[in-house]
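Working notes, structure below.
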Amino acid sequence: MKFGTIGAGAVALAFGREALARGHEVVLSSRRGPDALGDEVAELGRGASAASVEEAASLDYVLLAVPWRNVESALKSLPAWNGRVLIDATNPFVETSPKLVLADLGGKGASEVVAALAPGARIVKAFNSIVTARFNEGPVKNGGRRVIFVSGDHPEPTAFIKELIESFGFTAVDLGGLATGGRLQQAGGPLAGRDLVEFGHH
Ligand SMILES: NC(=O)c1ccc[n+]([C@@H]2O[C@H](COP(=O)([O-])OP(=O)(O)OC[C@H]3O[C@@H](n4cnc5c(N)ncnc54)[C@H](OP(=O)(O)O)[C@@H]3O)[C@@H](O)[C@H]2O)c1
């Protein structure tokens, strides 16, 4: 698969590294444009490239990995989604420094907010619940497998992302649809940010 990323920071690079190691391709994009991403492309190595946000977002599977406050601008004026898949790795923080401040979503799920900004996209929420530093330590901890959650309303792309997570070596747990599963794993939800490990599955 050729994955696009919107955002080329910690989360996109961690995802990209694992996807490339499994033989996929990764097209990074960020606000500053492709020419500013030379270091990131070099860091990821073979199979990585950079493009405009519009180009990266025109691929069949696109990772959204920008700060919450920039989600709306990042998703504005992109090509029509037409059922292409948006993997939502964002967390709804209005501030992350010096402390984490959750956005007031008025009771909506974070991925439901994202879905409204990307009409026609099939949204799969994944990779948001695990802290990147833990993800980068690798899937195995104390002989068990770290857990990454996945939620979505469309069985086929949800299953694809679940398999991708398993191919990275993590245990993927499908929490069900965006409205319920998404809420469980989003920042502020009961499963967010926990370093959960499964024993005895593989
Ligand atoms: N860090 C974690 O532990 C963690 C774990 C899971 C999920 N998350 C979530 O994942 C998302 C990304 O986090 P991160 O840690 O990767 O952030 P980051 O390292 O700060 O990177 C953010 C990236 O987004 C790009 N960006 C910002 N506005 C954009 C726009 N309008 N269009 C295109 N690209 C834009 C930035 O590019 P420019 O430099 O060009 O602006 C940068 O490459 C956040 O929602 C975060 O809450 C974080």
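In the structure tokens, the first chain shown is A, the next is B, and so on; residue numbers restart at 1 for each chain, and ligands run from 1 in the order shown.
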Name each residue within 7 Å of ligand 1, counting only C-alpha atoms and all ligand atoms, as number ranges by chain.
A: 6-12, 29-33, 53, 65-68, 70-71, 73-74, 89-93, 127-133
Could those selected residues go to a file with C-alpha atoms, as a PDB file, in the first residue's frame?
```pdb
ATOM      1  CA  ILE A   6      -1.082  14.772   6.511  1.00  0.00           C
ATOM      2  CA  GLY A   7       1.508  15.947   8.998  1.00  0.00           C
ATOM      3  CA  ALA A   8       5.108  14.801   9.150  1.00  0.00           C
ATOM      4  CA  GLY A   9       5.832  15.017  12.862  1.00  0.00           C
ATOM      5  CA  ALA A  10       6.415  12.418  15.573  1.00  0.00           C
ATOM      6  CA  VAL A  11       3.319  10.328  14.867  1.00  0.00           C
ATOM      7  CA  ALA A  12       3.573  10.327  11.064  1.00  0.00           C
ATOM      8  CA  SER A  29       3.130  16.034   3.616  1.00  0.00           C
ATOM      9  CA  SER A  30       2.983  19.013   5.924  1.00  0.00           C
ATOM     10  CA  ARG A  31       2.049  22.662   5.974  1.00  0.00           C
ATOM     11  CA  ARG A  32       5.525  23.784   4.976  1.00  0.00           C
ATOM     12  CA  GLY A  33       5.449  21.895   1.672  1.00  0.00           C
ATOM     13  CA  VAL A  53      -0.902  17.905   1.230  1.00  0.00           C
ATOM     14  CA  ALA A  65      -1.447  13.362  12.194  1.00  0.00           C
ATOM     15  CA  VAL A  66      -1.638  17.101  12.840  1.00  0.00           C
ATOM     16  CA  PRO A  67      -2.299  18.986  16.077  1.00  0.00           C
ATOM     17  CA  TRP A  68      -6.014  19.210  16.872  1.00  0.00           C
ATOM     18  CA  ASN A  70      -4.941  22.484  12.814  1.00  0.00           C
ATOM     19  CA  VAL A  71      -7.291  19.663  11.819  1.00  0.00           C
ATOM     20  CA  SER A  73      -7.270  23.871   8.130  1.00  0.00           C
ATOM     21  CA  ALA A  74      -5.475  20.640   7.168  1.00  0.00           C
ATOM     22  CA  ALA A  89      -4.509   9.542  14.756  1.00  0.00           C
ATOM     23  CA  THR A  90      -5.361  12.926  16.251  1.00  0.00           C
ATOM     24  CA  ASN A  91      -6.215  13.710  19.843  1.00  0.00           C
ATOM     25  CA  PRO A  92      -8.469  16.612  20.781  1.00  0.00           C
ATOM     26  CA  PHE A  93      -6.110  18.760  22.801  1.00  0.00           C
ATOM     27  CA  PHE A 127      -2.706   5.104  16.648  1.00  0.00           C
ATOM     28  CA  ASN A 128      -4.005   7.987  18.771  1.00  0.00           C
ATOM     29  CA  SER A 129      -4.283   6.146  22.066  1.00  0.00           C
ATOM     30  CA  ILE A 130      -0.652   5.041  22.303  1.00  0.00           C
ATOM     31  CA  VAL A 131       1.934   7.610  23.355  1.00  0.00           C
ATOM     32  CA  THR A 132       4.500   7.849  20.547  1.00  0.00           C
ATOM     33  CA  ALA A 133       7.419   7.251  22.889  1.00  0.00           C
TER      34      ALA A 133
END
```
Extract, using only C-alpha atoms, all DNA, RNA and protein residues at most 9 Å from A:Arg122, discarding same-chain residues fewer than 6 positions from it, and format them as an mmCIF file with N, CA and C atoms, in the first residue's frame.
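around-v4.cif, freshly written:
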```cif
data_model
loop_
_atom_site.group_PDB
_atom_site.id
_atom_site.type_symbol
_atom_site.label_atom_id
_atom_site.label_comp_id
_atom_site.auth_asym_id
_atom_site.auth_seq_id
_atom_site.Cartn_x
_atom_site.Cartn_y
_atom_site.Cartn_z
ATOM 1 N N TRP A 81 -13.204 12.925 -1.065
ATOM 2 C CA TRP A 81 -12.714 11.677 -0.465
ATOM 3 C C TRP A 81 -13.266 10.449 -1.187
ATOM 4 N N ASN A 82 -14.507 10.506 -1.621
ATOM 5 C CA ASN A 82 -15.072 9.393 -2.401
ATOM 6 C C ASN A 82 -14.787 8.021 -1.807
ATOM 7 N N GLY A 83 -14.899 7.907 -0.500
ATOM 8 C CA GLY A 83 -14.723 6.596 0.132
ATOM 9 C C GLY A 83 -13.278 6.234 0.442
ATOM 10 N N ARG A 84 -12.342 7.112 0.030
ATOM 11 C CA ARG A 84 -10.953 6.830 0.436
ATOM 12 C C ARG A 84 -10.863 6.912 1.964
ATOM 13 N N VAL A 85 -9.798 6.322 2.513
ATOM 14 C CA VAL A 85 -9.756 6.097 3.954
ATOM 15 C C VAL A 85 -8.884 7.138 4.652
ATOM 16 N N LEU A 86 -9.428 7.715 5.707
ATOM 17 C CA LEU A 86 -8.677 8.646 6.541
ATOM 18 C C LEU A 86 -8.446 7.973 7.893
ATOM 19 N N ILE A 87 -7.185 7.703 8.190
ATOM 20 C CA ILE A 87 -6.819 7.089 9.474
ATOM 21 C C ILE A 87 -6.601 8.242 10.448
ATOM 22 N N ALA A 115 -14.777 13.464 10.941
ATOM 23 C CA ALA A 115 -15.597 12.951 9.833
ATOM 24 C C ALA A 115 -16.395 14.072 9.173
ATOM 25 N N GLY A 152 -14.016 2.029 13.811
ATOM 26 C CA GLY A 152 -14.479 2.540 12.524
ATOM 27 C C GLY A 152 -15.849 1.997 12.190
ATOM 28 N N ASP A 153 -16.516 2.700 11.295
ATOM 29 C CA ASP A 153 -17.874 2.306 10.904
ATOM 30 C C ASP A 153 -17.887 1.459 9.639
ATOM 31 N N HIS A 154 -16.701 1.233 9.050
ATOM 32 C CA HIS A 154 -16.628 0.504 7.776
ATOM 33 C C HIS A 154 -15.729 -0.721 7.963
ATOM 34 N N PRO A 157 -11.987 -1.238 5.648
ATOM 35 C CA PRO A 157 -10.768 -0.502 6.028
ATOM 36 C C PRO A 157 -10.391 -0.692 7.493
#
```
As a PyMOL selection string, which residues of stretch 69-193 of chain A does DSSP assign to alpha helix (DSSP H)?
chain A and resi 71-75+110-117+132-137+155-167+183-185
Give me a file of those residues, with C-alpha atoms, as an mmCIF file, in the first residue's frame.
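Everything below was put into out-v6.cif:
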```
data_model
loop_
_atom_site.group_PDB
_atom_site.id
_atom_site.type_symbol
_atom_site.label_atom_id
_atom_site.label_comp_id
_atom_site.auth_asym_id
_atom_site.auth_seq_id
_atom_site.Cartn_x
_atom_site.Cartn_y
_atom_site.Cartn_z
ATOM 1 C CA VAL A 71 -7.291 19.663 11.819
ATOM 2 C CA GLU A 72 -9.836 21.960 10.216
ATOM 3 C CA SER A 73 -7.270 23.871 8.130
ATOM 4 C CA ALA A 74 -5.475 20.640 7.168
ATOM 5 C CA LEU A 75 -8.679 19.077 5.850
ATOM 6 C CA ALA A 110 -13.405 13.496 18.233
ATOM 7 C CA SER A 111 -13.523 11.334 15.100
ATOM 8 C CA GLU A 112 -17.093 12.436 14.461
ATOM 9 C CA VAL A 113 -15.752 16.003 14.343
ATOM 10 C CA VAL A 114 -13.034 14.848 11.929
ATOM 11 C CA ALA A 115 -15.597 12.951 9.833
ATOM 12 C CA ALA A 116 -17.684 16.100 9.432
ATOM 13 C CA LEU A 117 -14.582 17.899 8.093
ATOM 14 C CA THR A 132 4.500 7.849 20.547
ATOM 15 C CA ALA A 133 7.419 7.251 22.889
ATOM 16 C CA ARG A 134 5.826 3.900 23.859
ATOM 17 C CA PHE A 135 5.106 3.056 20.203
ATOM 18 C CA ASN A 136 8.740 3.759 19.421
ATOM 19 C CA GLU A 137 9.902 1.408 22.177
ATOM 20 C CA PRO A 155 -15.578 -3.136 8.210
ATOM 21 C CA GLU A 156 -13.147 -3.399 5.278
ATOM 22 C CA PRO A 157 -10.768 -0.502 6.028
ATOM 23 C CA THR A 158 -11.060 -1.162 9.760
ATOM 24 C CA ALA A 159 -9.963 -4.760 9.195
ATOM 25 C CA PHE A 160 -7.132 -3.561 6.947
ATOM 26 C CA ILE A 161 -5.791 -1.220 9.629
ATOM 27 C CA LYS A 162 -6.204 -3.912 12.252
ATOM 28 C CA GLU A 163 -4.051 -6.238 10.153
ATOM 29 C CA LEU A 164 -1.525 -3.469 9.581
ATOM 30 C CA ILE A 165 -1.218 -2.924 13.343
ATOM 31 C CA GLU A 166 -0.761 -6.672 13.858
ATOM 32 C CA SER A 167 1.882 -6.701 11.111
ATOM 33 C CA ARG A 183 -14.923 7.760 22.387
ATOM 34 C CA LEU A 184 -13.315 4.982 24.418
ATOM 35 C CA GLN A 185 -9.888 5.530 22.890
#
```
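Counting only C-alpha atoms and comparing A:Ala42, A:Asp88, A:Leu63, A:Pro119, the residue that lies closest to A:Lys76 is A:Pro119.
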State, in Å with one decimal place, the distance from atom CA of A:Pro79 to atom CA of A:Gly109.
24.1 Å
Length of the atom CA of A:Leu59 to atom CA of A:Ile123 vector [Å]:
13.9 Å
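Distance annotation: of A:Gly23, A:Glu40, A:Gly143, A:Thr180, the residue with the minimal separation from A:Gly200 is A:Gly143; atom set is only C-alpha atoms.
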Please, what distance in Å, to one decimal, runs between atom CA of A:Pro139 and atom CA of A:Leu191?
17.3 Å
Quick one: residues within 9 Å of A:Val41, only C-alpha atoms, excluding same-chain residues fewer than 4 positions away - as a ChimeraX atom specification?
/A:27-28,37,45-50
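If you measure from each of A:Leu105, A:Val173, A:Leu196, A:Val124 to A:Val140 using only C-alpha atoms, the closest one turns out to be A:Leu196.
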When you look at A:Val197 with a cut-off of 10 Å (counting only C-alpha atoms), what residues show up, excluding the ones that are within fewer than 5 positions of it in the same chain? I need them as a PDB file with N, CA and C atoms, in the first residue's frame.
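File result.pdb, as written:
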```
ATOM      1  N   PRO A 139       6.670  -3.081  19.992  1.00  0.00           N
ATOM      2  CA  PRO A 139       5.442  -3.748  20.427  1.00  0.00           C
ATOM      3  C   PRO A 139       5.597  -4.643  21.652  1.00  0.00           C
ATOM      4  N   VAL A 140       6.804  -5.144  21.902  1.00  0.00           N
ATOM      5  CA  VAL A 140       6.953  -6.137  22.968  1.00  0.00           C
ATOM      6  C   VAL A 140       7.341  -5.451  24.270  1.00  0.00           C
ATOM      7  N   LYS A 141       6.600  -5.767  25.327  1.00  0.00           N
ATOM      8  CA  LYS A 141       6.949  -5.260  26.656  1.00  0.00           C
ATOM      9  C   LYS A 141       6.793  -6.394  27.672  1.00  0.00           C
ATOM     10  N   ASN A 142       7.830  -6.673  28.394  1.00  0.00           N
ATOM     11  CA  ASN A 142       7.796  -7.727  29.435  1.00  0.00           C
ATOM     12  C   ASN A 142       7.241  -9.046  28.893  1.00  0.00           C
ATOM     13  N   GLY A 143       7.541  -9.346  27.624  1.00  0.00           N
ATOM     14  CA  GLY A 143       7.082 -10.614  27.049  1.00  0.00           C
ATOM     15  C   GLY A 143       5.656 -10.585  26.526  1.00  0.00           C
ATOM     16  N   GLY A 144       4.959  -9.481  26.689  1.00  0.00           N
ATOM     17  CA  GLY A 144       3.615  -9.331  26.120  1.00  0.00           C
ATOM     18  C   GLY A 144       3.645  -8.360  24.951  1.00  0.00           C
ATOM     19  N   ARG A 145       2.481  -8.154  24.356  1.00  0.00           N
ATOM     20  CA  ARG A 145       2.372  -7.247  23.198  1.00  0.00           C
ATOM     21  C   ARG A 145       1.579  -6.014  23.571  1.00  0.00           C
ATOM     22  N   ARG A 146       2.127  -4.870  23.249  1.00  0.00           N
ATOM     23  CA  ARG A 146       1.381  -3.636  23.486  1.00  0.00           C
ATOM     24  C   ARG A 146       0.112  -3.608  22.625  1.00  0.00           C
ATOM     25  N   VAL A 147      -0.905  -2.963  23.149  1.00  0.00           N
ATOM     26  CA  VAL A 147      -2.218  -2.914  22.489  1.00  0.00           C
ATOM     27  C   VAL A 147      -2.400  -1.567  21.784  1.00  0.00           C
ATOM     28  N   ILE A 148      -2.895  -1.642  20.552  1.00  0.00           N
ATOM     29  CA  ILE A 148      -3.324  -0.439  19.826  1.00  0.00           C
ATOM     30  C   ILE A 148      -4.784  -0.654  19.419  1.00  0.00           C
ATOM     31  N   PHE A 170       2.066  -5.318  17.101  1.00  0.00           N
ATOM     32  CA  PHE A 170       1.214  -4.949  18.232  1.00  0.00           C
ATOM     33  C   PHE A 170      -0.050  -5.822  18.221  1.00  0.00           C
ATOM     34  N   THR A 171      -0.731  -5.873  19.347  1.00  0.00           N
ATOM     35  CA  THR A 171      -2.067  -6.461  19.398  1.00  0.00           C
ATOM     36  C   THR A 171      -3.067  -5.380  19.026  1.00  0.00           C
TER      37      THR A 171
END
```
To test your reading of the structure, identify every residue in stretch 13-189 of chain A that backbone DSSP assigns to strand (DSSP E), and report it as a PyMOL selection string.
chain A and resi 25-28+48-50+61-64+85-88+93-95+101-102+122-126+140-141+144-152+171-174
Please, could you write that set of residues out with C-alpha atoms as a PDB file, in the first residue's frame?
```pdb
ATOM      1  CA  GLU A  25       5.387   3.179   0.678  1.00  0.00           C
ATOM      2  CA  VAL A  26       4.832   6.470   2.484  1.00  0.00           C
ATOM      3  CA  VAL A  27       4.188   9.920   1.047  1.00  0.00           C
ATOM      4  CA  LEU A  28       4.675  12.585   3.725  1.00  0.00           C
ATOM      5  CA  ALA A  48       9.517   7.411   1.510  1.00  0.00           C
ATOM      6  CA  SER A  49       8.823  10.614  -0.381  1.00  0.00           C
ATOM      7  CA  ALA A  50       7.228  14.010   0.176  1.00  0.00           C
ATOM      8  CA  TYR A  61      -5.152   5.434   2.712  1.00  0.00           C
ATOM      9  CA  VAL A  62      -4.235   8.715   4.399  1.00  0.00           C
ATOM     10  CA  LEU A  63      -2.972   9.179   7.956  1.00  0.00           C
ATOM     11  CA  LEU A  64      -4.132  12.359   9.685  1.00  0.00           C
ATOM     12  CA  VAL A  85      -9.756   6.097   3.954  1.00  0.00           C
ATOM     13  CA  LEU A  86      -8.677   8.646   6.541  1.00  0.00           C
ATOM     14  CA  ILE A  87      -6.819   7.089   9.474  1.00  0.00           C
ATOM     15  CA  ASP A  88      -7.442   9.496  12.317  1.00  0.00           C
ATOM     16  CA  PHE A  93      -6.110  18.760  22.801  1.00  0.00           C
ATOM     17  CA  VAL A  94      -6.329  22.524  22.438  1.00  0.00           C
ATOM     18  CA  GLU A  95      -3.042  22.824  24.309  1.00  0.00           C
ATOM     19  CA  VAL A 101      -5.929  20.731  27.844  1.00  0.00           C
ATOM     20  CA  LEU A 102      -8.800  18.836  26.233  1.00  0.00           C
ATOM     21  CA  ARG A 122     -14.177   6.339   5.522  1.00  0.00           C
ATOM     22  CA  ILE A 123     -12.644   7.131   8.907  1.00  0.00           C
ATOM     23  CA  VAL A 124     -10.658   4.618  10.903  1.00  0.00           C
ATOM     24  CA  LYS A 125      -9.499   5.858  14.294  1.00  0.00           C
ATOM     25  CA  ALA A 126      -6.172   4.320  15.275  1.00  0.00           C
ATOM     26  CA  VAL A 140       6.953  -6.137  22.968  1.00  0.00           C
ATOM     27  CA  LYS A 141       6.949  -5.260  26.656  1.00  0.00           C
ATOM     28  CA  GLY A 144       3.615  -9.331  26.120  1.00  0.00           C
ATOM     29  CA  ARG A 145       2.372  -7.247  23.198  1.00  0.00           C
ATOM     30  CA  ARG A 146       1.381  -3.636  23.486  1.00  0.00           C
ATOM     31  CA  VAL A 147      -2.218  -2.914  22.489  1.00  0.00           C
ATOM     32  CA  ILE A 148      -3.324  -0.439  19.826  1.00  0.00           C
ATOM     33  CA  PHE A 149      -7.034   0.235  19.388  1.00  0.00           C
ATOM     34  CA  VAL A 150      -8.940   0.632  16.170  1.00  0.00           C
ATOM     35  CA  SER A 151     -12.468   1.942  15.644  1.00  0.00           C
ATOM     36  CA  GLY A 152     -14.479   2.540  12.524  1.00  0.00           C
ATOM     37  CA  THR A 171      -2.067  -6.461  19.398  1.00  0.00           C
ATOM     38  CA  ALA A 172      -4.920  -4.686  17.627  1.00  0.00           C
ATOM     39  CA  VAL A 173      -8.211  -4.448  19.500  1.00  0.00           C
ATOM     40  CA  ASP A 174     -11.307  -3.432  17.548  1.00  0.00           C
TER      41      ASP A 174
END
```
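The closest residue to A:Arg69, picked from A:Asp195, A:Glu18, A:Asp104, A:Glu54 and counting only C-alpha atoms, is A:Asp104.
The closest residue to A:Arg17, picked from A:Gly138, A:Gly120, A:Gly106, A:Pro98 and counting only C-alpha atoms, is A:Gly138.
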